[in-house]
$ cat target.txt   # compact mmCIF, C-alpha atoms
# COMPACT_ATOMS: atom_id res chain seq x y z
CA MET X 237 -11.84 8.64 -3.71
CA HIS X 238 -12.71 5.69 -5.85
CA GLU X 239 -13.22 2.28 -4.37
CA PHE X 240 -11.93 -0.67 -6.30
CA ASP X 241 -14.73 -2.98 -7.34
CA GLU X 242 -13.98 -6.31 -8.91
CA ASN X 243 -17.19 -6.05 -10.87
CA THR X 244 -16.19 -2.90 -12.67
CA THR X 245 -15.80 -3.39 -16.36
CA LYS X 246 -12.55 -2.99 -18.18
CA GLY X 247 -11.52 0.60 -18.52
CA ALA X 248 -12.99 1.51 -15.14
CA TYR X 249 -10.93 2.06 -12.01
CA GLU X 250 -7.66 0.16 -12.04
CA PRO X 251 -6.12 -0.30 -8.61
CA THR X 252 -2.88 1.53 -7.99
CA ARG X 253 0.31 -0.32 -7.17
CA LEU X 254 -0.31 0.38 -3.50
CA GLU X 255 -3.76 -1.14 -3.78
CA ARG X 256 -2.61 -4.14 -5.76
CA LEU X 257 -0.26 -5.20 -2.97
CA LEU X 258 -2.74 -4.23 -0.25
CA PHE X 259 -5.56 -6.22 -1.83
CA ARG X 260 -3.24 -9.17 -2.37
CA LEU X 261 -2.20 -9.23 1.29
CA GLU X 262 -5.82 -8.80 2.38
CA ALA X 263 -6.76 -11.77 0.22
CA GLN X 264 -3.96 -13.89 1.67
CA HIS X 265 -4.87 -12.93 5.22
CA ARG X 266 -8.59 -13.53 4.87
CA CYS X 267 -8.30 -16.72 2.87
CA LEU X 268 -5.58 -18.19 5.10
CA ASN X 269 -7.60 -17.43 8.23
CA TRP X 270 -10.67 -19.01 6.67
CA ALA X 271 -8.71 -22.05 5.49
CA MET X 272 -7.00 -22.59 8.83
CA GLY X 273 -10.44 -22.66 10.42
CA GLU X 274 -11.62 -25.17 7.81
CA ILE X 275 -8.84 -27.65 8.62
CA ALA X 276 -9.16 -27.37 12.41
CA GLY X 277 -9.30 -30.83 13.94
CA ARG X 278 -8.32 -32.52 10.69
CA PRO X 279 -4.89 -34.13 10.86
CA GLY X 280 -2.36 -33.79 8.07
CA PRO X 281 0.52 -31.62 6.98
CA VAL X 282 0.32 -28.16 5.46
CA PHE X 283 2.35 -27.18 2.41
CA GLU X 284 3.74 -23.76 1.62
CA LEU X 285 4.77 -23.61 -2.03
CA GLY X 286 7.06 -20.62 -2.43
CA LEU X 287 8.38 -19.19 0.82
CA GLY X 288 9.19 -15.69 -0.41
CA HIS X 289 9.95 -13.43 2.54
CA GLY X 290 8.22 -15.91 4.82
CA ARG X 291 5.25 -13.72 5.78
CA THR X 292 2.47 -16.22 5.09
CA TYR X 293 4.62 -18.98 6.58
CA ASP X 294 4.97 -16.91 9.73
CA HIS X 295 1.20 -16.40 9.81
CA MET X 296 0.44 -20.09 9.41
CA ARG X 297 2.97 -21.38 11.92
CA ARG X 298 1.65 -18.92 14.50
CA HIS X 299 -1.93 -20.04 14.03
CA LEU X 300 -1.23 -23.73 13.49
CA PRO X 301 0.93 -24.65 16.47
CA GLY X 302 1.94 -28.30 16.43
CA ARG X 303 1.04 -28.69 12.75
CA ASP X 304 3.76 -29.81 10.35
CA ILE X 305 4.23 -27.12 7.70
CA PHE X 306 6.48 -28.18 4.83
CA VAL X 307 7.98 -25.46 2.68
CA PHE X 308 8.79 -26.13 -0.96
CA ASP X 309 11.01 -23.63 -2.73
CA ARG X 310 13.99 -23.44 -5.03
CA GLU X 311 16.02 -21.37 -2.60
CA ILE X 312 15.64 -19.53 0.67
CA ASP X 313 15.46 -15.75 0.66
CA CYS X 314 13.26 -14.99 3.67
CA PHE X 315 13.50 -12.99 6.88
CA PRO X 316 15.99 -14.92 9.02
CA ASP X 317 13.37 -15.48 11.73
CA CYS X 318 11.04 -17.07 9.16
CA THR X 319 13.43 -19.81 8.06
CA PRO X 320 11.90 -23.29 8.41
CA ASP X 321 13.97 -25.95 10.12
CA ALA X 322 15.76 -28.39 7.82
CA GLU X 323 13.18 -31.15 8.35
CA HIS X 324 10.40 -28.95 7.03
CA LEU X 325 12.27 -27.46 4.10
CA ILE X 326 12.15 -29.19 0.73
CA LEU X 327 14.53 -27.38 -1.59
CA GLY X 328 14.57 -27.81 -5.34
CA LYS X 329 12.53 -27.15 -8.44
CA LEU X 330 8.83 -27.76 -7.88
CA SER X 331 8.81 -29.86 -11.02
CA ASP X 332 11.12 -32.26 -9.14
CA THR X 333 10.14 -31.88 -5.50
CA LEU X 334 6.36 -32.02 -5.83
CA PRO X 335 6.22 -35.30 -7.78
CA GLU X 336 8.84 -36.78 -5.42
CA ALA X 337 6.72 -35.76 -2.43
CA ARG X 338 4.08 -38.26 -3.46
CA ARG X 339 5.76 -41.21 -1.74
CA ARG X 340 5.92 -39.41 1.57
CA PHE X 341 2.80 -37.27 1.47
CA GLY X 342 0.46 -38.95 -1.00
CA GLY X 343 -3.15 -38.11 -0.08
CA LYS X 344 -2.17 -36.41 3.18
CA ALA X 345 -1.92 -32.65 2.73
CA VAL X 346 -4.91 -30.81 4.24
CA LEU X 347 -3.91 -27.27 3.26
CA VAL X 348 -1.68 -25.97 0.49
CA ASN X 349 -0.75 -22.30 0.19
CA SER X 350 0.78 -21.78 -3.23
CA ASP X 351 2.41 -18.43 -3.86
CA VAL X 352 4.68 -19.07 -6.79
CA GLY X 353 3.65 -16.55 -9.44
CA THR X 354 6.09 -14.19 -11.10
CA TYR X 355 5.69 -11.14 -13.30
CA ASP X 356 6.26 -13.35 -16.33
CA GLU X 357 3.02 -14.83 -17.66
CA ALA X 358 4.80 -17.52 -19.67
CA ILE X 359 6.66 -18.74 -16.58
CA ASN X 360 3.43 -18.56 -14.59
CA ALA X 361 1.68 -20.82 -17.07
CA GLU X 362 4.48 -23.37 -16.74
CA ILE X 363 4.47 -23.27 -12.94
CA ALA X 364 0.69 -23.53 -12.81
CA GLU X 365 0.91 -26.64 -14.97
CA VAL X 366 3.53 -28.21 -12.69
CA VAL X 367 1.49 -27.47 -9.56
CA SER X 368 -1.76 -28.54 -11.19
CA GLY X 369 -0.24 -31.83 -12.28
CA ALA X 370 1.42 -32.74 -8.98
CA LEU X 371 -0.96 -31.54 -6.30
CA PRO X 372 -3.91 -33.88 -6.82
CA ALA X 373 -1.89 -36.91 -5.67
CA LEU X 374 -0.83 -35.09 -2.51
CA LEU X 375 -4.18 -33.80 -1.29
CA ALA X 376 -6.28 -35.37 1.44
CA PRO X 377 -10.01 -35.46 0.71
CA GLY X 378 -11.51 -32.04 1.45
CA ALA X 379 -8.11 -30.34 1.43
CA ILE X 380 -7.98 -26.61 0.76
CA VAL X 381 -5.67 -25.11 -1.86
CA LEU X 382 -5.03 -21.37 -1.93
CA SER X 383 -3.18 -20.14 -5.00
CA ASP X 384 -1.98 -16.94 -6.60
CA LEU X 385 -2.22 -18.66 -9.99
CA PRO X 386 -5.29 -20.32 -11.48
CA LEU X 387 -4.86 -24.10 -11.26
CA THR X 388 -6.49 -27.03 -12.99
CA LEU X 389 -6.78 -29.72 -10.32
CA SER X 390 -8.30 -32.97 -11.50
CA ASN X 391 -9.78 -33.85 -8.12
CA ALA X 392 -10.77 -30.45 -6.76
CA LYS X 393 -13.37 -27.80 -7.42
CA ALA X 394 -12.90 -24.05 -7.42
CA LEU X 395 -14.57 -22.20 -4.56
CA PRO X 396 -15.76 -18.59 -4.65
CA LEU X 397 -13.57 -16.09 -2.84
CA PRO X 398 -14.83 -14.58 0.41
CA HIS X 399 -16.82 -11.57 -0.76
CA GLU X 400 -14.57 -9.00 0.92
CA VAL X 401 -11.56 -10.15 -1.10
CA ARG X 402 -10.58 -7.52 -3.65
CA SER X 403 -7.45 -9.09 -5.11
CA GLU X 404 -7.39 -9.47 -8.83
CA ARG X 405 -5.68 -12.82 -8.66
CA TYR X 406 -6.39 -15.24 -5.89
CA PHE X 407 -7.92 -18.70 -6.17
CA ILE X 408 -9.35 -21.29 -3.77
CA TYR X 409 -9.95 -24.98 -4.43
CA ARG X 410 -11.25 -27.84 -2.31
CA SER X 411 -10.38 -31.43 -3.13
CA LEU X 412 -13.18 -33.95 -3.47
CA MET A 760 -8.54 -16.63 14.82
CA HIS A 761 -7.31 -13.69 16.87
CA GLU A 762 -7.88 -10.16 15.74
CA PHE A 763 -5.11 -7.67 16.29
CA ASP A 764 -6.19 -4.93 18.66
CA GLU A 765 -3.97 -1.93 19.23
CA ASN A 766 -5.39 -1.67 22.73
CA THR A 767 -4.17 -5.07 23.78
CA THR A 768 -1.56 -4.89 26.47
CA LYS A 769 2.01 -5.94 25.98
CA GLY A 770 2.35 -9.69 25.88
CA ALA A 771 -0.99 -10.09 24.14
CA TYR A 772 -1.38 -10.90 20.46
CA GLU A 773 1.56 -9.77 18.36
CA PRO A 774 0.76 -9.41 14.68
CA THR A 775 2.47 -11.85 12.37
CA ARG A 776 4.83 -10.68 9.65
CA LEU A 777 1.97 -10.96 7.17
CA GLU A 778 -0.18 -8.75 9.36
CA ARG A 779 2.56 -6.23 10.02
CA LEU A 780 2.89 -5.51 6.31
CA LEU A 781 -0.87 -5.71 5.72
CA PHE A 782 -1.65 -3.28 8.54
CA ARG A 783 1.10 -0.95 7.36
CA LEU A 784 -0.32 -0.85 3.82
CA GLU A 785 -3.84 -0.39 5.17
CA ALA A 786 -2.59 2.53 7.23
CA GLN A 787 -0.88 4.10 4.23
CA HIS A 788 -3.93 3.62 2.05
CA ARG A 789 -6.43 5.00 4.53
CA CYS A 790 -4.30 7.87 5.71
CA LEU A 791 -3.27 8.90 2.19
CA ASN A 792 -6.87 8.83 1.00
CA TRP A 793 -7.93 10.91 3.98
CA ALA A 794 -5.05 13.36 3.49
CA MET A 795 -5.66 13.78 -0.23
CA GLY A 796 -9.23 14.69 0.61
CA GLU A 797 -8.02 17.20 3.18
CA ILE A 798 -5.86 19.08 0.69
CA ALA A 799 -8.44 19.16 -2.10
CA GLY A 800 -8.72 22.67 -3.48
CA ARG A 801 -5.64 23.88 -1.61
CA PRO A 802 -2.77 24.69 -3.95
CA GLY A 803 0.78 23.61 -3.25
CA PRO A 804 3.17 20.80 -3.97
CA VAL A 805 3.18 17.36 -2.41
CA PHE A 806 6.38 15.74 -1.14
CA GLU A 807 7.18 12.05 -1.11
CA LEU A 808 10.15 11.40 1.16
CA GLY A 809 11.49 7.95 0.30
CA LEU A 810 10.22 6.53 -2.97
CA GLY A 811 10.84 2.85 -2.22
CA HIS A 812 9.14 0.73 -4.86
CA GLY A 813 6.96 3.69 -5.81
CA ARG A 814 3.65 2.27 -4.58
CA THR A 815 2.48 5.24 -2.53
CA TYR A 816 3.81 7.58 -5.22
CA ASP A 817 1.71 5.71 -7.78
CA HIS A 818 -1.31 6.04 -5.53
CA MET A 819 -0.86 9.77 -5.01
CA ARG A 820 -0.17 10.67 -8.62
CA ARG A 821 -3.28 8.76 -9.67
CA HIS A 822 -5.50 10.59 -7.22
CA LEU A 823 -3.83 13.99 -7.49
CA PRO A 824 -3.78 14.63 -11.23
CA GLY A 825 -2.18 17.96 -12.07
CA ARG A 826 -0.57 18.27 -8.63
CA ASP A 827 3.22 18.60 -8.48
CA ILE A 828 4.60 15.68 -6.48
CA PHE A 829 8.27 16.01 -5.65
CA VAL A 830 10.14 12.88 -4.65
CA PHE A 831 13.13 13.07 -2.31
CA ASP A 832 15.36 10.03 -2.07
CA ARG A 833 18.99 9.01 -2.05
CA GLU A 834 18.63 6.75 -5.04
CA ILE A 835 15.96 5.28 -7.27
CA ASP A 836 14.99 1.65 -6.89
CA CYS A 837 11.32 1.61 -7.89
CA PHE A 838 9.12 -0.15 -10.42
CA PRO A 839 10.15 1.36 -13.76
CA ASP A 840 6.62 2.67 -14.36
CA CYS A 841 6.74 4.52 -11.03
CA THR A 842 9.83 6.59 -11.81
CA PRO A 843 9.21 10.33 -11.40
CA ASP A 844 10.33 12.61 -14.21
CA ALA A 845 13.62 14.44 -13.65
CA GLU A 846 11.92 17.71 -12.72
CA HIS A 847 10.12 16.08 -9.82
CA LEU A 848 13.00 14.01 -8.52
CA ILE A 849 15.33 15.46 -5.90
CA LEU A 850 18.15 13.00 -5.38
CA GLY A 851 20.55 13.12 -2.48
CA LYS A 852 20.74 12.71 1.27
CA LEU A 853 17.68 14.13 3.02
CA SER A 854 20.05 15.95 5.36
CA ASP A 855 21.19 17.93 2.30
CA THR A 856 18.15 18.05 0.04
CA LEU A 857 15.49 18.97 2.60
CA PRO A 858 17.28 22.05 3.98
CA GLU A 859 18.15 23.09 0.42
CA ALA A 860 14.50 22.79 -0.59
CA ARG A 861 13.66 25.72 1.65
CA ARG A 862 14.53 28.34 -0.95
CA ARG A 863 12.26 26.82 -3.53
CA PHE A 864 9.48 25.39 -1.42
CA GLY A 865 9.56 27.35 1.84
CA GLY A 866 6.06 27.38 3.38
CA LYS A 867 4.45 25.76 0.33
CA ALA A 868 4.09 22.00 0.80
CA VAL A 869 0.50 20.98 1.55
CA LEU A 870 1.10 17.25 1.98
CA VAL A 871 4.21 15.28 2.91
CA ASN A 872 4.30 11.50 2.85
CA SER A 873 7.43 10.40 4.67
CA ASP A 874 8.34 6.74 4.43
CA VAL A 875 11.99 6.65 5.32
CA GLY A 876 12.27 4.23 8.22
CA THR A 877 14.62 1.27 8.24
CA TYR A 878 14.97 -1.78 10.46
CA ASP A 879 17.75 0.02 12.34
CA GLU A 880 16.39 2.05 15.25
CA ALA A 881 19.55 4.14 15.56
CA ILE A 882 19.37 5.17 11.90
CA ASN A 883 15.65 5.83 12.30
CA ALA A 884 16.31 8.23 15.16
CA GLU A 885 18.80 10.12 12.99
CA ILE A 886 16.47 10.32 10.00
CA ALA A 887 13.55 11.39 12.18
CA GLU A 888 15.70 14.20 13.52
CA VAL A 889 16.67 15.34 10.01
CA VAL A 890 13.05 15.29 8.82
CA SER A 891 11.78 16.92 12.01
CA GLY A 892 14.31 19.71 11.71
CA ALA A 893 13.80 20.48 8.03
CA LEU A 894 10.07 20.03 7.44
CA PRO A 895 8.64 22.92 9.48
CA ALA A 896 10.14 25.51 7.11
CA LEU A 897 8.64 23.76 4.11
CA LEU A 898 5.04 23.31 5.26
CA ALA A 899 2.14 25.50 4.28
CA PRO A 900 -0.26 26.34 7.10
CA GLY A 901 -2.58 23.39 7.66
CA ALA A 902 -0.34 21.00 5.75
CA ILE A 903 -0.66 17.29 6.47
CA VAL A 904 2.39 15.14 7.25
CA LEU A 905 2.12 11.35 7.19
CA SER A 906 5.12 9.52 8.58
CA ASP A 907 6.31 6.03 9.36
CA LEU A 908 8.55 7.49 12.07
CA PRO A 909 7.47 9.66 14.98
CA LEU A 910 8.49 13.27 14.28
CA THR A 911 8.92 16.34 16.44
CA LEU A 912 7.67 19.21 14.29
CA SER A 913 7.93 22.63 15.91
CA ASN A 914 4.93 24.04 14.07
CA ALA A 915 2.61 21.05 13.83
CA LYS A 916 0.44 19.00 16.13
CA ALA A 917 -0.01 15.24 16.13
CA LEU A 918 -3.42 14.02 14.99
CA PRO A 919 -5.04 10.76 16.05
CA LEU A 920 -5.01 7.99 13.46
CA PRO A 921 -8.27 7.02 11.78
CA HIS A 922 -9.70 4.45 14.16
CA GLU A 923 -9.58 1.59 11.64
CA VAL A 924 -5.81 1.89 11.32
CA ARG A 925 -4.09 -1.06 12.93
CA SER A 926 -0.48 -0.33 12.08
CA GLU A 927 1.88 -0.23 14.97
CA ARG A 928 3.83 2.67 13.56
CA TYR A 929 2.14 5.39 11.62
CA PHE A 930 1.89 9.05 12.50
CA ILE A 931 -0.09 12.06 11.27
CA TYR A 932 0.65 15.73 11.88
CA ARG A 933 -1.02 18.95 10.81
CA SER A 934 0.91 22.20 10.66
CA LEU A 935 -0.47 25.25 12.45
$ encode --input "target.txt" --output "structure tokens"
Amino acid sequence: MHEFDENTTKGAYEPTRLERLLFRLEAQHRCLNWAMGEIAGRPGPVFELGLGHGRTYDHMRRHLPGRDIFVFDREIDCFPDCTPDAEHLILGKLSDTLPEARRRFGGKAVLVNSDVGTYDEAINAEIAEVVSGALPALLAPGAIVLSDLPLTLSNAKALPLPHEVRSERYFIYRSL
Amino acid sequence: MHEFDENTTKGAYEPTRLERLLFRLEAQHRCLNWAMGEIAGRPGPVFELGLGHGRTYDHMRRHLPGRDIFVFDREIDCFPDCTPDAEHLILGKLSDTLPEARRRFGGKAVLVNSDVGTYDEAINAEIAEVVSGALPALLAPGAIVLSDLPLTLSNAKALPLPHEVRSERYFIYRSL
């Protein structure tokens, strides 16, 4: 059995579809757990960009009791038991809702989990630009951003992934 | 951060939705890799019951080059690149296709990966009964059966899961 190694050169072992999803979930789980530890004791809301089925939202709300978690998405298509209450749900296009969030949340968010990528690289580039442009104004100093797309955040630096993380595409930033 | 422990008593830590899927994929990955090692050098077809998105099928075909993998499902709803060719696709209700497979495959299958559970426990009980009734006639001696539902196979014994496996529901059998 081969083991996937991120350091393998092109043409070497490519993860299977089973492994791609497994490694992605592993990355989410490890990075979220690490990030939730990082923000312990630091007040401020958490943002979930892209609710999806609600799995990472469920994980965060379980481990961050009492913390406000605001979910930004265009529409809701999650497990019924993972639906945020209306006060924590900000529906609309990210290109509208994120810039608008500045008045309410400017400089306050301590953790952002962004899971908004699609299978379309052109769309991904657009979304990454929207998120990259809007997030800096929302982040508290030292905030953590986890993202499935590479971002260009003017006030944050990229952090290395925990070494066990095998996902091909997962990114961590910390604001200055 | 809590760690999920299968030995925790009821009322203790319940995995989140993120963890339930992660642990399930981990279980599939570890058990499939183990099972593919077990059947190395032993001729016979492999069965995939329930194609789903095709992730475990993709994993098996990658690691079992040259092995016939027959997919049983009611319909196809997988990633396009995970679609089996027509000769290896047996479409229809398992309650029809599995008993019919006896003429062609009786006593031949060396590995069966059964992933046919739903969120409906009543349906699951029915499917488990269909699979439990039909599989024994299809298995070669020493065949491995991996299943997301508990089965009652007249000619097989349950094996313990690899100890790293944290999934709540995953079952391994070996035919006598």
$ calpha_fit_and_write --input "target.txt" --fixed "chain X" --moving "chain A" --output "compact mmCIF listing (two decimals) with C-alpha atoms, in the frame of the given file"
# COMPACT_ATOMS: atom_id res chain seq x y z
CA MET A 760 -11.75 8.73 -3.66
CA HIS A 761 -12.68 5.75 -5.81
CA GLU A 762 -13.20 2.36 -4.30
CA PHE A 763 -11.95 -0.63 -6.22
CA ASP A 764 -14.80 -2.89 -7.24
CA GLU A 765 -14.10 -6.25 -8.81
CA ASN A 766 -17.36 -5.94 -10.70
CA THR A 767 -16.33 -2.82 -12.53
CA THR A 768 -16.00 -3.36 -16.23
CA LYS A 769 -12.74 -3.15 -18.08
CA GLY A 770 -11.61 0.42 -18.49
CA ALA A 771 -13.02 1.41 -15.12
CA TYR A 772 -10.92 2.01 -12.03
CA GLU A 773 -7.64 0.12 -12.06
CA PRO A 774 -6.10 -0.33 -8.63
CA THR A 775 -2.86 1.51 -8.02
CA ARG A 776 0.34 -0.34 -7.21
CA LEU A 777 -0.29 0.37 -3.53
CA GLU A 778 -3.74 -1.15 -3.80
CA ARG A 779 -2.59 -4.15 -5.79
CA LEU A 780 -0.24 -5.19 -2.99
CA LEU A 781 -2.72 -4.23 -0.26
CA PHE A 782 -5.55 -6.22 -1.84
CA ARG A 783 -3.24 -9.17 -2.40
CA LEU A 784 -2.20 -9.22 1.28
CA GLU A 785 -5.81 -8.80 2.37
CA ALA A 786 -6.74 -11.76 0.20
CA GLN A 787 -3.95 -13.88 1.66
CA HIS A 788 -4.86 -12.91 5.20
CA ARG A 789 -8.57 -13.53 4.85
CA CYS A 790 -8.28 -16.70 2.85
CA LEU A 791 -5.58 -18.18 5.09
CA ASN A 792 -7.60 -17.42 8.21
CA TRP A 793 -10.67 -19.00 6.65
CA ALA A 794 -8.70 -22.04 5.48
CA MET A 795 -7.00 -22.59 8.83
CA GLY A 796 -10.44 -22.64 10.39
CA GLU A 797 -11.61 -25.16 7.81
CA ILE A 798 -8.86 -27.64 8.62
CA ALA A 799 -9.16 -27.36 12.40
CA GLY A 800 -9.30 -30.82 13.93
CA ARG A 801 -8.33 -32.53 10.67
CA PRO A 802 -4.89 -34.11 10.85
CA GLY A 803 -2.37 -33.78 8.06
CA PRO A 804 0.51 -31.62 6.97
CA VAL A 805 0.31 -28.16 5.47
CA PHE A 806 2.35 -27.18 2.41
CA GLU A 807 3.74 -23.76 1.62
CA LEU A 808 4.78 -23.61 -2.03
CA GLY A 809 7.07 -20.60 -2.42
CA LEU A 810 8.39 -19.18 0.83
CA GLY A 811 9.20 -15.68 -0.41
CA HIS A 812 9.96 -13.44 2.55
CA GLY A 813 8.22 -15.92 4.84
CA ARG A 814 5.25 -13.73 5.76
CA THR A 815 2.47 -16.21 5.07
CA TYR A 816 4.61 -18.98 6.58
CA ASP A 817 4.96 -16.89 9.73
CA HIS A 818 1.21 -16.39 9.81
CA MET A 819 0.44 -20.08 9.40
CA ARG A 820 2.96 -21.37 11.91
CA ARG A 821 1.63 -18.91 14.48
CA HIS A 822 -1.95 -20.03 14.03
CA LEU A 823 -1.25 -23.72 13.49
CA PRO A 824 0.92 -24.63 16.47
CA GLY A 825 1.93 -28.28 16.42
CA ARG A 826 1.01 -28.68 12.74
CA ASP A 827 3.75 -29.81 10.35
CA ILE A 828 4.23 -27.13 7.71
CA PHE A 829 6.47 -28.18 4.86
CA VAL A 830 7.97 -25.47 2.69
CA PHE A 831 8.80 -26.13 -0.96
CA ASP A 832 11.02 -23.64 -2.73
CA ARG A 833 14.01 -23.44 -5.02
CA GLU A 834 16.03 -21.38 -2.60
CA ILE A 835 15.66 -19.53 0.67
CA ASP A 836 15.47 -15.76 0.68
CA CYS A 837 13.27 -14.99 3.69
CA PHE A 838 13.50 -12.99 6.90
CA PRO A 839 15.99 -14.92 9.03
CA ASP A 840 13.36 -15.47 11.75
CA CYS A 841 11.04 -17.06 9.17
CA THR A 842 13.43 -19.80 8.08
CA PRO A 843 11.90 -23.28 8.41
CA ASP A 844 13.96 -25.95 10.13
CA ALA A 845 15.75 -28.40 7.84
CA GLU A 846 13.18 -31.15 8.38
CA HIS A 847 10.39 -28.96 7.05
CA LEU A 848 12.26 -27.47 4.11
CA ILE A 849 12.14 -29.20 0.74
CA LEU A 850 14.52 -27.38 -1.57
CA GLY A 851 14.57 -27.81 -5.31
CA LYS A 852 12.54 -27.17 -8.43
CA LEU A 853 8.83 -27.76 -7.85
CA SER A 854 8.83 -29.88 -11.00
CA ASP A 855 11.13 -32.28 -9.12
CA THR A 856 10.14 -31.90 -5.48
CA LEU A 857 6.36 -32.03 -5.83
CA PRO A 858 6.23 -35.32 -7.77
CA GLU A 859 8.82 -36.78 -5.40
CA ALA A 860 6.71 -35.77 -2.41
CA ARG A 861 4.07 -38.27 -3.46
CA ARG A 862 5.75 -41.20 -1.72
CA ARG A 863 5.90 -39.42 1.58
CA PHE A 864 2.80 -37.27 1.48
CA GLY A 865 0.47 -38.96 -1.00
CA GLY A 866 -3.15 -38.11 -0.10
CA LYS A 867 -2.19 -36.41 3.17
CA ALA A 868 -1.94 -32.64 2.73
CA VAL A 869 -4.92 -30.81 4.23
CA LEU A 870 -3.91 -27.28 3.24
CA VAL A 871 -1.67 -25.97 0.48
CA ASN A 872 -0.75 -22.31 0.18
CA SER A 873 0.79 -21.79 -3.24
CA ASP A 874 2.42 -18.44 -3.88
CA VAL A 875 4.69 -19.08 -6.80
CA GLY A 876 3.68 -16.57 -9.45
CA THR A 877 6.10 -14.20 -11.11
CA TYR A 878 5.69 -11.15 -13.31
CA ASP A 879 6.29 -13.37 -16.35
CA GLU A 880 3.04 -14.83 -17.68
CA ALA A 881 4.82 -17.53 -19.68
CA ILE A 882 6.68 -18.76 -16.59
CA ASN A 883 3.45 -18.57 -14.61
CA ALA A 884 1.70 -20.84 -17.09
CA GLU A 885 4.51 -23.38 -16.73
CA ILE A 886 4.50 -23.28 -12.94
CA ALA A 887 0.71 -23.53 -12.82
CA GLU A 888 0.94 -26.64 -14.97
CA VAL A 889 3.56 -28.21 -12.69
CA VAL A 890 1.52 -27.47 -9.56
CA SER A 891 -1.74 -28.54 -11.19
CA GLY A 892 -0.22 -31.83 -12.28
CA ALA A 893 1.45 -32.74 -8.99
CA LEU A 894 -0.95 -31.53 -6.30
CA PRO A 895 -3.91 -33.89 -6.83
CA ALA A 896 -1.88 -36.91 -5.67
CA LEU A 897 -0.84 -35.10 -2.51
CA LEU A 898 -4.19 -33.79 -1.28
CA ALA A 899 -6.29 -35.36 1.42
CA PRO A 900 -10.02 -35.46 0.70
CA GLY A 901 -11.50 -32.04 1.44
CA ALA A 902 -8.11 -30.34 1.41
CA ILE A 903 -7.99 -26.61 0.76
CA VAL A 904 -5.66 -25.12 -1.87
CA LEU A 905 -5.01 -21.37 -1.95
CA SER A 906 -3.16 -20.14 -5.00
CA ASP A 907 -1.97 -16.95 -6.61
CA LEU A 908 -2.21 -18.66 -10.00
CA PRO A 909 -5.27 -20.32 -11.49
CA LEU A 910 -4.84 -24.11 -11.28
CA THR A 911 -6.49 -27.03 -13.02
CA LEU A 912 -6.76 -29.71 -10.34
CA SER A 913 -8.28 -32.98 -11.52
CA ASN A 914 -9.77 -33.84 -8.14
CA ALA A 915 -10.76 -30.44 -6.77
CA LYS A 916 -13.37 -27.80 -7.44
CA ALA A 917 -12.90 -24.05 -7.45
CA LEU A 918 -14.56 -22.20 -4.57
CA PRO A 919 -15.73 -18.60 -4.68
CA LEU A 920 -13.54 -16.10 -2.85
CA PRO A 921 -14.81 -14.57 0.38
CA HIS A 922 -16.79 -11.58 -0.84
CA GLU A 923 -14.56 -9.01 0.87
CA VAL A 924 -11.54 -10.14 -1.14
CA ARG A 925 -10.56 -7.53 -3.68
CA SER A 926 -7.44 -9.08 -5.13
CA GLU A 927 -7.40 -9.48 -8.84
CA ARG A 928 -5.68 -12.83 -8.69
CA TYR A 929 -6.39 -15.25 -5.92
CA PHE A 930 -7.91 -18.70 -6.19
CA ILE A 931 -9.33 -21.29 -3.79
CA TYR A 932 -9.93 -24.98 -4.44
CA ARG A 933 -11.25 -27.83 -2.34
CA SER A 934 -10.39 -31.42 -3.14
CA LEU A 935 -13.19 -33.96 -3.50
$ atom_distance --input "target.txt" --atom1 "CA of Asp836 in chain A" --atom2 "CA of Arg814 in chain A"
11.6 Å
$ interface_residues --input "target.txt" --of "chain X" --to "chain A" --cutoff "12 Å" --atoms "all atoms listed in the file" --output "short mmCIF file (atom, residue, chain, number, x, y, z; two decimals) with C-alpha atoms, in the coordinates of the input"
data_model
loop_
_atom_site.label_atom_id
_atom_site.label_comp_id
_atom_site.auth_asym_id
_atom_site.auth_seq_id
_atom_site.Cartn_x
_atom_site.Cartn_y
_atom_site.Cartn_z
CA MET X 237 -11.84 8.64 -3.71
CA HIS X 238 -12.71 5.69 -5.85
CA GLU X 239 -13.22 2.28 -4.37
CA TYR X 249 -10.93 2.06 -12.01
CA GLU X 250 -7.66 0.16 -12.04
CA PRO X 251 -6.12 -0.30 -8.61
CA THR X 252 -2.88 1.53 -7.99
CA ARG X 253 0.31 -0.32 -7.17
CA LEU X 254 -0.31 0.38 -3.50
CA GLU X 255 -3.76 -1.14 -3.78
CA ARG X 256 -2.61 -4.14 -5.76
CA LEU X 257 -0.26 -5.20 -2.97
CA LEU X 258 -2.74 -4.23 -0.25
CA PHE X 259 -5.56 -6.22 -1.83
CA ARG X 260 -3.24 -9.17 -2.37
CA LEU X 261 -2.20 -9.23 1.29
CA GLU X 262 -5.82 -8.80 2.38
CA ALA X 263 -6.76 -11.77 0.22
CA GLN X 264 -3.96 -13.89 1.67
CA HIS X 265 -4.87 -12.93 5.22
CA ARG X 266 -8.59 -13.53 4.87
CA CYS X 267 -8.30 -16.72 2.87
CA LEU X 268 -5.58 -18.19 5.10
CA ASN X 269 -7.60 -17.43 8.23
CA TRP X 270 -10.67 -19.01 6.67
CA ALA X 271 -8.71 -22.05 5.49
CA MET X 272 -7.00 -22.59 8.83
CA GLY X 273 -10.44 -22.66 10.42
CA GLU X 274 -11.62 -25.17 7.81
CA ALA X 276 -9.16 -27.37 12.41
CA GLY X 288 9.19 -15.69 -0.41
CA HIS X 289 9.95 -13.43 2.54
CA GLY X 290 8.22 -15.91 4.82
CA ARG X 291 5.25 -13.72 5.78
CA THR X 292 2.47 -16.22 5.09
CA TYR X 293 4.62 -18.98 6.58
CA ASP X 294 4.97 -16.91 9.73
CA HIS X 295 1.20 -16.40 9.81
CA MET X 296 0.44 -20.09 9.41
CA ARG X 297 2.97 -21.38 11.92
CA ARG X 298 1.65 -18.92 14.50
CA HIS X 299 -1.93 -20.04 14.03
CA LEU X 300 -1.23 -23.73 13.49
CA CYS X 314 13.26 -14.99 3.67
CA PHE X 315 13.50 -12.99 6.88
CA PRO X 316 15.99 -14.92 9.02
CA ASP X 317 13.37 -15.48 11.73
CA CYS X 318 11.04 -17.07 9.16
CA TYR X 355 5.69 -11.14 -13.30
#
